[in-house]
Amino acid sequence: MASAIKDQHEHTLAGPAICAGVGVHSGRRTRLSIRPAPAGTGIVFVRADVTDRDNRIPVAGDTVVDSRLNTVIANADGVRVATIEHLMAALVALGVSNAVIELDGEEVPIMDGSALPFVQLLDRAGFRRQETPQSYIEVIEPIEVIEGDKSARLVPCDRYEMRFEIDFASAVIGNQVVDFVVDEQTFRDEIMAARTFGFAHEVEALRQMGLARGGSLENAVVIDGDRILNDGGLRMEREFVRHKALDAIGDLFVLGAPLLARYEGVKGGHALNNKLVRELLANPSKWRVVTRVPKLAQSA
């Protein structure tokens, strides 16, 4: 398997990666193709089923239009793509800077509710190094958003770190904390397989809102009172907070570059993560874009 991030150059895929699956909220089956892209492209979604207007949505911090239960992006023509966060987390963790993601529906397939299937898909396609040095967003002053007992902040750090804490009344979850360095190996070992989760009593309300139509025990951990309904239970210790961290990694990659910062989240989710993204963009004096040229190139 090729290393995608260690030499600090941009990378794309060596070939296309194709899959299909059901959208967790729409319930519709979608075919998705992740294709190589030139350096400097970033991550661009293309709605192949839209032909009467601009169907390209370059991912950026200001393209997020909904973050209630997932991350939804849209372009100026109102063309949308939903539930991008698990795929985005896989892309940034594996160091994929540039890719065009074509899909024939409005929602990225949920697969098994984690980032694992996307990592497997990207691994099969392989990675290709590009000549452009990788850019990073370096946070130089703290940035924070608070909503009641929920908070999310970025503080200066010479690498990408993450701490997430959740606290649920359910005995199945309770208080959980995860604290780690966001790099490829840690993502593979500790984060990528953690599945999304929800409570059985919330499902009907969500479906009345037009959400969770494709949700099932095949793609989410479902909790009923103090029981986990899935056969086999959890995949790992503290799977719930690990998945919240996975979401945050994907939500923050809408900025278009990996972070040099420490993210600290308490009880938050997609909406608070997006508020943090917007707070960062609104305060350009608190961060800067940097590139790190590999030592070999520096000494050449």
# chains A, B, ... in the order shown; residues from 1 in each chain; ligands from 1
>>> residues_around(residues="A:Leu69", least_positions_apart="2", cutoff="8 Å", atoms="only C-alpha atoms", output="ChimeraX atom specification")
/A:67,71,269-271
>>> write_last_selection(atoms="N, CA and C atoms", output="mmCIF file, in the first residue's frame")
data_model
loop_
_atom_site.group_PDB
_atom_site.id
_atom_site.type_symbol
_atom_site.label_atom_id
_atom_site.label_comp_id
_atom_site.auth_asym_id
_atom_site.auth_seq_id
_atom_site.Cartn_x
_atom_site.Cartn_y
_atom_site.Cartn_z
ATOM 1 N N SER A 67 -26.354 20.924 8.519
ATOM 2 C CA SER A 67 -25.494 20.110 9.380
ATOM 3 C C SER A 67 -26.266 19.612 10.590
ATOM 4 N N THR A 71 -23.467 16.186 7.126
ATOM 5 C CA THR A 71 -22.922 17.378 6.479
ATOM 6 C C THR A 71 -23.355 17.393 5.020
ATOM 7 N N GLY A 269 -21.364 18.024 17.522
ATOM 8 C CA GLY A 269 -21.662 17.214 16.357
ATOM 9 C C GLY A 269 -21.437 18.021 15.097
ATOM 10 N N HIS A 270 -22.089 17.621 14.012
ATOM 11 C CA HIS A 270 -21.877 18.271 12.719
ATOM 12 C C HIS A 270 -22.141 19.776 12.768
ATOM 13 N N ALA A 271 -23.225 20.178 13.418
ATOM 14 C CA ALA A 271 -23.597 21.597 13.425
ATOM 15 C C ALA A 271 -22.535 22.437 14.121
#
>>> residues_around(residues="stretch 58-62 of chain A", least_positions_apart="2", cutoff="9 Å", atoms="only C-alpha atoms", output="PyMOL selection string")
chain A and resi 41-46+56+64-65+73-75+100+252-256+274+277-278+281
>>> write_last_selection(atoms="C-alpha atoms", output="PDB file, in the first residue's frame")
ATOM      1  CA  THR A  41      -8.152  20.529  -7.715  1.00  0.00           C
ATOM      2  CA  GLY A  42      -9.159  19.783  -4.135  1.00  0.00           C
ATOM      3  CA  ILE A  43     -12.186  17.569  -3.514  1.00  0.00           C
ATOM      4  CA  VAL A  44     -15.007  18.143  -6.014  1.00  0.00           C
ATOM      5  CA  PHE A  45     -18.373  16.361  -6.032  1.00  0.00           C
ATOM      6  CA  VAL A  46     -20.202  16.015  -9.350  1.00  0.00           C
ATOM      7  CA  ARG A  56     -20.136  20.510  -9.747  1.00  0.00           C
ATOM      8  CA  VAL A  64     -22.049  23.525   3.816  1.00  0.00           C
ATOM      9  CA  VAL A  65     -25.779  24.249   3.823  1.00  0.00           C
ATOM     10  CA  ILE A  73     -22.898  20.796   0.684  1.00  0.00           C
ATOM     11  CA  ALA A  74     -24.452  22.722  -2.219  1.00  0.00           C
ATOM     12  CA  ASN A  75     -23.404  25.005  -5.062  1.00  0.00           C
ATOM     13  CA  VAL A 100     -13.434  14.181  -8.334  1.00  0.00           C
ATOM     14  CA  LEU A 252     -13.214  19.859   9.290  1.00  0.00           C
ATOM     15  CA  PHE A 253     -11.798  18.691   5.944  1.00  0.00           C
ATOM     16  CA  VAL A 254     -14.331  20.925   4.184  1.00  0.00           C
ATOM     17  CA  LEU A 255     -11.628  23.540   4.831  1.00  0.00           C
ATOM     18  CA  GLY A 256      -9.713  21.863   1.993  1.00  0.00           C
ATOM     19  CA  ASN A 274     -19.483  23.641  10.963  1.00  0.00           C
ATOM     20  CA  VAL A 277     -15.243  26.032  10.487  1.00  0.00           C
ATOM     21  CA  ARG A 278     -17.123  29.271   9.848  1.00  0.00           C
ATOM     22  CA  LEU A 281     -12.909  31.414   8.156  1.00  0.00           C
TER      23      LEU A 281
END
>>> residues_around(residues="A:Val177", least_positions_apart="3", cutoff="12 Å", atoms="only C-alpha atoms", output="ChimeraX atom specification")
/A:162-168,173-174,180,237-245,264-267
>>> write_last_selection(atoms="N, CA and C atoms", output="compact mmCIF listing (two decimals), in the first residue's frame")
# COMPACT_ATOMS: atom_id res chain seq x y z
N MET A 162 -6.56 15.46 18.24
CA MET A 162 -8.00 15.56 18.49
C MET A 162 -8.35 14.95 19.83
N ARG A 163 -9.18 15.66 20.57
CA ARG A 163 -9.79 15.13 21.79
C ARG A 163 -11.29 15.32 21.68
N PHE A 164 -12.05 14.27 21.92
CA PHE A 164 -13.51 14.37 21.86
C PHE A 164 -14.08 13.72 23.12
N GLU A 165 -15.08 14.37 23.68
CA GLU A 165 -15.76 13.85 24.86
C GLU A 165 -17.26 13.87 24.64
N ILE A 166 -17.92 12.77 24.98
CA ILE A 166 -19.38 12.71 24.93
C ILE A 166 -19.91 12.25 26.28
N ASP A 167 -21.16 12.55 26.54
CA ASP A 167 -21.78 12.17 27.81
C ASP A 167 -23.27 11.96 27.57
N PHE A 168 -23.70 10.71 27.59
CA PHE A 168 -25.10 10.36 27.35
C PHE A 168 -25.68 9.71 28.60
N ILE A 173 -23.73 4.08 26.75
CA ILE A 173 -22.72 5.04 26.30
C ILE A 173 -22.02 5.70 27.49
N GLY A 174 -22.78 6.44 28.28
CA GLY A 174 -22.20 7.15 29.42
C GLY A 174 -21.22 8.22 28.98
N PHE A 180 -6.14 11.58 20.58
CA PHE A 180 -5.19 10.91 19.69
C PHE A 180 -4.58 11.89 18.69
N GLU A 237 -13.93 -0.87 21.85
CA GLU A 237 -14.16 -0.09 23.05
C GLU A 237 -14.40 1.38 22.67
N ARG A 238 -15.34 2.01 23.32
CA ARG A 238 -15.66 3.44 23.11
C ARG A 238 -15.95 3.73 21.62
N GLU A 239 -16.67 2.84 20.98
CA GLU A 239 -16.98 3.03 19.56
C GLU A 239 -17.76 4.32 19.33
N PHE A 240 -18.60 4.69 20.29
CA PHE A 240 -19.46 5.87 20.10
C PHE A 240 -18.63 7.15 19.99
N VAL A 241 -17.72 7.38 20.91
CA VAL A 241 -16.93 8.61 20.85
C VAL A 241 -15.93 8.56 19.70
N ARG A 242 -15.47 7.37 19.34
CA ARG A 242 -14.57 7.27 18.19
C ARG A 242 -15.29 7.68 16.91
N HIS A 243 -16.58 7.33 16.82
CA HIS A 243 -17.31 7.75 15.63
C HIS A 243 -17.51 9.27 15.62
N LYS A 244 -17.75 9.87 16.76
CA LYS A 244 -17.89 11.34 16.80
C LYS A 244 -16.58 12.00 16.34
N ALA A 245 -15.46 11.41 16.71
CA ALA A 245 -14.18 11.93 16.25
C ALA A 245 -14.03 11.76 14.75
N GLU A 264 -10.57 20.19 20.10
CA GLU A 264 -11.15 19.70 21.35
C GLU A 264 -12.65 19.88 21.28
N GLY A 265 -13.39 18.77 21.28
CA GLY A 265 -14.84 18.82 21.17
C GLY A 265 -15.49 18.20 22.39
N VAL A 266 -16.54 18.84 22.87
CA VAL A 266 -17.32 18.32 24.00
C VAL A 266 -18.79 18.30 23.60
N LYS A 267 -19.35 17.09 23.49
CA LYS A 267 -20.78 16.89 23.26
C LYS A 267 -21.29 17.48 21.96
>>> closest_residue(among="A:Val79, A:Leu217, A:Ala171, A:Ile143", to="A:Asp54", atoms="only C-alpha atoms")
A:Val79
>>> select_by_dssp(residues="stretch 31-240 of chain A", states="strand (DSSP E or B)", output="VMD selection string")
chain A and resid 31 to 36 43 to 47 56 to 58 64 to 66 72 to 74 80 to 82 99 to 103 107 127 to 133 135 to 139 143 to 147 150 to 156 161 to 167 175 to 181 197 to 199 221 to 224 227 to 228
>>> residues_around(residues="A:Val289", least_positions_apart="2", cutoff="8 Å", atoms="only C-alpha atoms", output="list in words")
Ser135, Tyr136, Ile137, Glu138, Trp287 and Thr291 of chain A
